[in-house]
Structures are given as C-alpha cells and as structure tokens.
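Report on the structure given below.
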Amino acid sequence: MASRIASGLLRRRSGATLCLLRSYTQVRNYSSQLSALIPAGSQCSKLTRRRYYMPHASPYQLWSRSFASEDGDKFEAVVPFMGESVTDGTLANFLKKPGDRVEADEPIAQIETDKVTIDVASPESGVIEKFIASEGDTVTPGTKVAIISKSAQPAETHVAPSEEATPKESPAPKVEEKPKVEEKAQKVEPPKTQAPKPTPPKTSPSEPQLPPKERERRVPMPRLRKRIANRLKDSQNTFAMLTTFNEVDMTNLMKLRSDYKDEFVKKHGVKLGLMSCFVKAAVSALQNQPIVNAVIDGDDIIYRDYIDVSVAVGTSKGLVVPVIRDADGMNFADIEKGINNLAKKATEGALSIDDMAGGTFTISNGGVYGSLISTPIINPPQSAILGMHSIVQRPVVVDGSILARPMMYLALTYDHRLIDGREAVFFLRRIKDVVEDPRRLLLDI
C-alpha cells in the first residue's frame, strides 16, 4: 500500500520526499519507499522541503520534507506534528548548544503549546552546526529549528587544545583588563545618570510613594498559563456554577488501606492510595446520576454512556488534567496504575495531547497541599468537578459519643443550568456513602 501511494505521488512530482497527513491525526512518512524508487544519478537525488495543499479543501495535506543536503552531510531538525487541535507553539528553550554532538532522535529543543510541551528531535546523529530559530519564536509544524552536520567535529575537541595553551599566558592579562574597562564605564556613567534626576521633587508629599521600578520584573506569560487563564475565565463566564458541600468520615477507608496495603503491593505492584476509591465512588455516583456526566451543547443535552475521569495534577509549569479512560471498567489496581503513570508523565513533562483530551468528570485533590475547603472551577466542556481536601482529626458524634475521627470536606461544583440541586446533593451523598463504607461497591447498594 505504501509503495503504491509513493509511486503515484512520485509520478505527480519527482524529486520530492512526501508525507501524507490524513484527517489531521496520523502522519505516515513514505520517504523510504520514495528513496528506493528514485533512480541513481537522477535529479531526484536532491530533496527539497515544501508544503503542498490539495485542491478543493481536501482533508489531505501533502508535505515535502528535506532530510539532507545535496551531499547528504547536513540534516535539518524541524518542528514535528503537534496534535490535531494544536496549530503552533512557542520555542521555549534549547536543550543543546551549537557544537554539541547529538544522537538520532535525541531532543535538542522544546516547543511549548497551549496544552503540552513537545520535543524537537535530531533526525540523524551528528553535530549541531547552528540554530535557525530563536527562543521565544512562534513556530508551526515543519518549521526549521536547527542544522545537523554528520561530518563536523564537536566543539569540545577544538576548544580543548586552545584552552590548554592559553590559560598559562592569557588569564592574567584578561582578568586585569576587564576591571579597567568596567571602572572607566562606571566613572563615565554616574554623571549621565545624575543629570536626569529632577523627578523626585515633582511628586507631592501627599501622594503614595511607589516602589522603585528596578525591583520589578516583567516576563512573558507561558502559553500553558495563558491557556489555563483563558479556560478558567471562559468557564466562569459560561457556566452557572454552584457548589455544594459535605463531609466524609475516612475511618473505614483508611483502615481498609492499612489492612491490605502490603498484600495489594505484593499482588499488583502498586501502592493502594485513597484516589482509587474516590474514582470508584465517583463512577458509582455518575452511574446513579447520569445527568452529572452529561453536557450542554447549544440547545441539546449530550448524555455520555462512558465515564472518563480527569485527574487534576499540579506541575511546576501549571495545572494539567490527564484523563483515566473507561474508568467504569477498571478495578482499584488499574486505576492506581493509571494515576501513577499519568502523574509520572506530568512531572516529567511527557504528557501528550491524547493524554488530556476528553474527560467527562474531574476530580481535584487540593488536600495534598493542605487545603481544608475550596470551591473548584468546572473544567470545560464538563458539567461538574469534585474537590477533595485535607484529612483532619475533628470531634464528631458517633452513637451518642464524641470521638476524634479523620474527616474530609468534599465539594461538588456543578453547572446549575443542567444539574438541579437535588441531583447534585444525591451525587455527593453517594460518594460519601461509598467512601465511608467501601463494602457498598461489592454489594452494589
């Protein structure tokens, strides 16, 4: 199949290495088939990079990509396909420097998009000759980032001998000359800065004195933070958000975890946490109140017969919400493994677009940071979000006696346009009942 497509494309335009992007979701590179079909010594040996669009707004796009120069020594590292809904990104930082040696598929730069951070990899092993793009540039798929040379030597091999010879002679004069230049500059600068200082007397004593400008820093907002800010504000402007609260006694769940944690790890290879129980409780509540799993779309209500639970994870770059898919078909071990895998990816910045796409309901655990109570914001296009909080020993009345129990506040924020207070309270009550007595999950009561 690949050979037939490659042959047909080659007849249309010789001398091009083509990629077929189908429905904006899958990229299939047929450069190897085309290279095998190109006759030796023909004009097709020189590969070029261009983008071609098929007529009549076809969902197919033809990509012409250059892998090497005419002599086959230099290669270009380009921005990869970033996802179905991502059209551009910002070149956040370079992981290598010009002159560094890199291996094939080794990341050399990072592209920051609205959702994830994507690596730009070296197409071949070699030495980075130069960077074509700069940090902070807005780039699109196919943009050239760097040129890799296979024959060049790493910069370290050239710099090392020169550094060995010069330290004996040059370090002393170099260190002495720099302070002289700096002293001269300092001597000239004070009179220049002292002249334009008639501004302080202009301010009246009654006006508040602002802090000096040199103590402020202005930095560009990362794309992920922009995206988070826009989504949260859109959520606030779109949904009729209302939050209902309840509290749950964690005694039985914590005892269950303590009794079986060792056997659980021995059998499943993962620790038994509290999150898996709350996910199972949320699944049970969503099945009892399917309206909470639905969403408004224009004048229609979309009922979703599947349950994908989004789990909010805080990272150094911002909040990300990866998705545990088909949570209604998972057991405790599957959920724990899924959460651990997604949390590891989030920490390493390795989450993909697919990891965060979709989701029908979100769970946010602010308790890991010590939050006692909060009102979480709905994650569009969902209709509700559950907020977990810290576990605190509090006095409660149990069978007429006052006892100290580990208690947690739960908060459910929901879209009041779709979900009535009755369904929201029943939903949160179901979570409370399951967490306080996990045996209900076994008996389905």
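Just so we're on the same page: first chain in the structure tokens is A, next is B, and so on; residues restart at 1 for each chain, and ligands are numbered from 1 in the order they show up.
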
For A:Asp100: contacts at 10 Å, only C-alpha atoms, fewer than 5 positions along chain excluded, given as a list in words: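 That gives Ile108, Gly126, Val127, Ile128, Glu129, Lys130, Ile148, Gln153, Pro154, Ala155 and Glu156 of chain A.
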
Using N, CA and C atoms, can you export the residues from the last selection as a PDB file, in the first residue's frame?
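File written: part-v1.pdb
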```
ATOM      1  N   ILE A 108      16.588  18.153  21.106  1.00  0.00           N
ATOM      2  CA  ILE A 108      17.512  19.291  21.080  1.00  0.00           C
ATOM      3  C   ILE A 108      16.813  20.592  21.459  1.00  0.00           C
ATOM      4  N   GLY A 126      24.927  13.447  14.732  1.00  0.00           N
ATOM      5  CA  GLY A 126      25.854  14.425  14.189  1.00  0.00           C
ATOM      6  C   GLY A 126      26.118  15.532  15.182  1.00  0.00           C
ATOM      7  N   VAL A 127      26.584  16.654  14.657  1.00  0.00           N
ATOM      8  CA  VAL A 127      26.926  17.816  15.464  1.00  0.00           C
ATOM      9  C   VAL A 127      26.026  18.975  15.058  1.00  0.00           C
ATOM     10  N   ILE A 128      25.489  19.694  16.042  1.00  0.00           N
ATOM     11  CA  ILE A 128      24.636  20.848  15.757  1.00  0.00           C
ATOM     12  C   ILE A 128      25.501  21.963  15.170  1.00  0.00           C
ATOM     13  N   GLU A 129      25.247  22.281  13.917  1.00  0.00           N
ATOM     14  CA  GLU A 129      26.018  23.338  13.254  1.00  0.00           C
ATOM     15  C   GLU A 129      25.525  24.719  13.655  1.00  0.00           C
ATOM     16  N   LYS A 130      24.204  24.896  13.648  1.00  0.00           N
ATOM     17  CA  LYS A 130      23.637  26.181  14.063  1.00  0.00           C
ATOM     18  C   LYS A 130      22.143  26.024  14.298  1.00  0.00           C
ATOM     19  N   ILE A 148      21.949  19.946  11.411  1.00  0.00           N
ATOM     20  CA  ILE A 148      22.827  18.929  11.977  1.00  0.00           C
ATOM     21  C   ILE A 148      23.811  18.488  10.899  1.00  0.00           C
ATOM     22  N   GLN A 153      33.011  18.123  13.603  1.00  0.00           N
ATOM     23  CA  GLN A 153      33.510  17.622  14.874  1.00  0.00           C
ATOM     24  C   GLN A 153      32.906  18.423  16.019  1.00  0.00           C
ATOM     25  N   PRO A 154      32.669  17.797  17.163  1.00  0.00           N
ATOM     26  CA  PRO A 154      32.132  18.546  18.307  1.00  0.00           C
ATOM     27  C   PRO A 154      33.035  19.706  18.687  1.00  0.00           C
ATOM     28  N   ALA A 155      32.419  20.771  19.168  1.00  0.00           N
ATOM     29  CA  ALA A 155      33.175  21.976  19.509  1.00  0.00           C
ATOM     30  C   ALA A 155      34.175  21.715  20.613  1.00  0.00           C
ATOM     31  N   GLU A 156      33.930  20.724  21.462  1.00  0.00           N
ATOM     32  CA  GLU A 156      34.827  20.457  22.583  1.00  0.00           C
ATOM     33  C   GLU A 156      36.212  20.029  22.111  1.00  0.00           C
TER      34      GLU A 156
END
```

A:Ser310 surroundings by only C-alpha atoms, 6 Å radius, close-in-sequence under 2 positions cut, as a ChimeraX atom specification: /A:321-323,359,361-362

Selection file, C-alpha atoms, as a tab-separated table (two decimals), in the first residue's frame:
```
chain	number	residue	atom	x	y	z
A	321	VAL	CA	-5.69	17.40	33.73
A	322	PRO	CA	-4.87	13.98	32.24
A	323	VAL	CA	-7.70	11.51	31.71
A	359	GLY	CA	-12.89	13.63	30.05
A	361	PHE	CA	-15.84	14.43	35.05
A	362	THR	CA	-12.90	15.88	37.02
```

Alpha helix (DSSP H) call set, DSSP backbone run, stretch 208-310 of chain A, as a PyMOL selection string: chain A and resi 223-238+251-268+275-288

For the residues in the current selection, export C-alpha atoms as a PDB file, in the first residue's frame.
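In the end it all went to selection00.pdb:
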```pdb
ATOM      1  CA  ARG A 223       1.456  29.592  26.675  1.00  0.00           C
ATOM      2  CA  LEU A 224       0.236  26.950  29.123  1.00  0.00           C
ATOM      3  CA  ARG A 225      -0.522  29.617  31.725  1.00  0.00           C
ATOM      4  CA  LYS A 226      -2.351  31.691  29.088  1.00  0.00           C
ATOM      5  CA  ARG A 227      -4.419  28.676  28.159  1.00  0.00           C
ATOM      6  CA  ILE A 228      -5.262  27.943  31.796  1.00  0.00           C
ATOM      7  CA  ALA A 229      -6.239  31.572  32.400  1.00  0.00           C
ATOM      8  CA  ASN A 230      -8.483  31.695  29.325  1.00  0.00           C
ATOM      9  CA  ARG A 231     -10.204  28.387  30.091  1.00  0.00           C
ATOM     10  CA  LEU A 232     -10.881  29.297  33.707  1.00  0.00           C
ATOM     11  CA  LYS A 233     -12.318  32.665  32.740  1.00  0.00           C
ATOM     12  CA  ASP A 234     -14.417  31.099  29.977  1.00  0.00           C
ATOM     13  CA  SER A 235     -15.715  28.567  32.498  1.00  0.00           C
ATOM     14  CA  GLN A 236     -16.665  31.330  34.896  1.00  0.00           C
ATOM     15  CA  ASN A 237     -18.430  33.294  32.166  1.00  0.00           C
ATOM     16  CA  THR A 238     -20.247  30.308  30.639  1.00  0.00           C
ATOM     17  CA  THR A 251     -12.026   5.890  59.247  1.00  0.00           C
ATOM     18  CA  ASN A 252     -13.167   2.761  57.386  1.00  0.00           C
ATOM     19  CA  LEU A 253     -11.347   3.575  54.160  1.00  0.00           C
ATOM     20  CA  MET A 254      -8.092   4.287  55.970  1.00  0.00           C
ATOM     21  CA  LYS A 255      -8.439   1.044  57.931  1.00  0.00           C
ATOM     22  CA  LEU A 256      -9.087  -0.887  54.717  1.00  0.00           C
ATOM     23  CA  ARG A 257      -5.986   0.646  53.191  1.00  0.00           C
ATOM     24  CA  SER A 258      -3.883  -0.120  56.261  1.00  0.00           C
ATOM     25  CA  ASP A 259      -5.049  -3.758  56.464  1.00  0.00           C
ATOM     26  CA  TYR A 260      -4.415  -4.675  52.824  1.00  0.00           C
ATOM     27  CA  LYS A 261      -1.709  -2.292  51.599  1.00  0.00           C
ATOM     28  CA  ASP A 262       1.105  -4.887  51.808  1.00  0.00           C
ATOM     29  CA  GLU A 263      -0.861  -7.640  50.066  1.00  0.00           C
ATOM     30  CA  PHE A 264      -2.057  -5.139  47.453  1.00  0.00           C
ATOM     31  CA  VAL A 265       1.513  -4.111  46.579  1.00  0.00           C
ATOM     32  CA  LYS A 266       2.670  -7.736  46.512  1.00  0.00           C
ATOM     33  CA  LYS A 267      -0.017  -8.772  44.040  1.00  0.00           C
ATOM     34  CA  HIS A 268      -0.428  -5.699  41.844  1.00  0.00           C
ATOM     35  CA  MET A 275      -7.575   8.277  44.999  1.00  0.00           C
ATOM     36  CA  SER A 276      -8.663   4.977  43.501  1.00  0.00           C
ATOM     37  CA  CYS A 277     -11.514   4.673  45.991  1.00  0.00           C
ATOM     38  CA  PHE A 278     -12.729   8.180  45.197  1.00  0.00           C
ATOM     39  CA  VAL A 279     -12.592   7.416  41.481  1.00  0.00           C
ATOM     40  CA  LYS A 280     -14.657   4.263  42.041  1.00  0.00           C
ATOM     41  CA  ALA A 281     -17.073   6.230  44.228  1.00  0.00           C
ATOM     42  CA  ALA A 282     -17.379   8.912  41.522  1.00  0.00           C
ATOM     43  CA  VAL A 283     -18.061   6.239  38.895  1.00  0.00           C
ATOM     44  CA  SER A 284     -20.849   4.797  41.074  1.00  0.00           C
ATOM     45  CA  ALA A 285     -22.315   8.265  41.634  1.00  0.00           C
ATOM     46  CA  LEU A 286     -22.168   9.091  37.908  1.00  0.00           C
ATOM     47  CA  GLN A 287     -23.991   5.867  37.110  1.00  0.00           C
ATOM     48  CA  ASN A 288     -26.686   6.747  39.659  1.00  0.00           C
TER      49      ASN A 288
END
```

Atom pair atom CA of A:Arg430 / atom CA of A:Leu442: separation (Å):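 The value is 14.4 Å.
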
Members of stretch 196-333 of chain A assigned strand (DSSP E or B) by DSSP, as a ChimeraX atom specification: /A:241-249,295-297,300-302,309-311,313-315,318-320,323-324
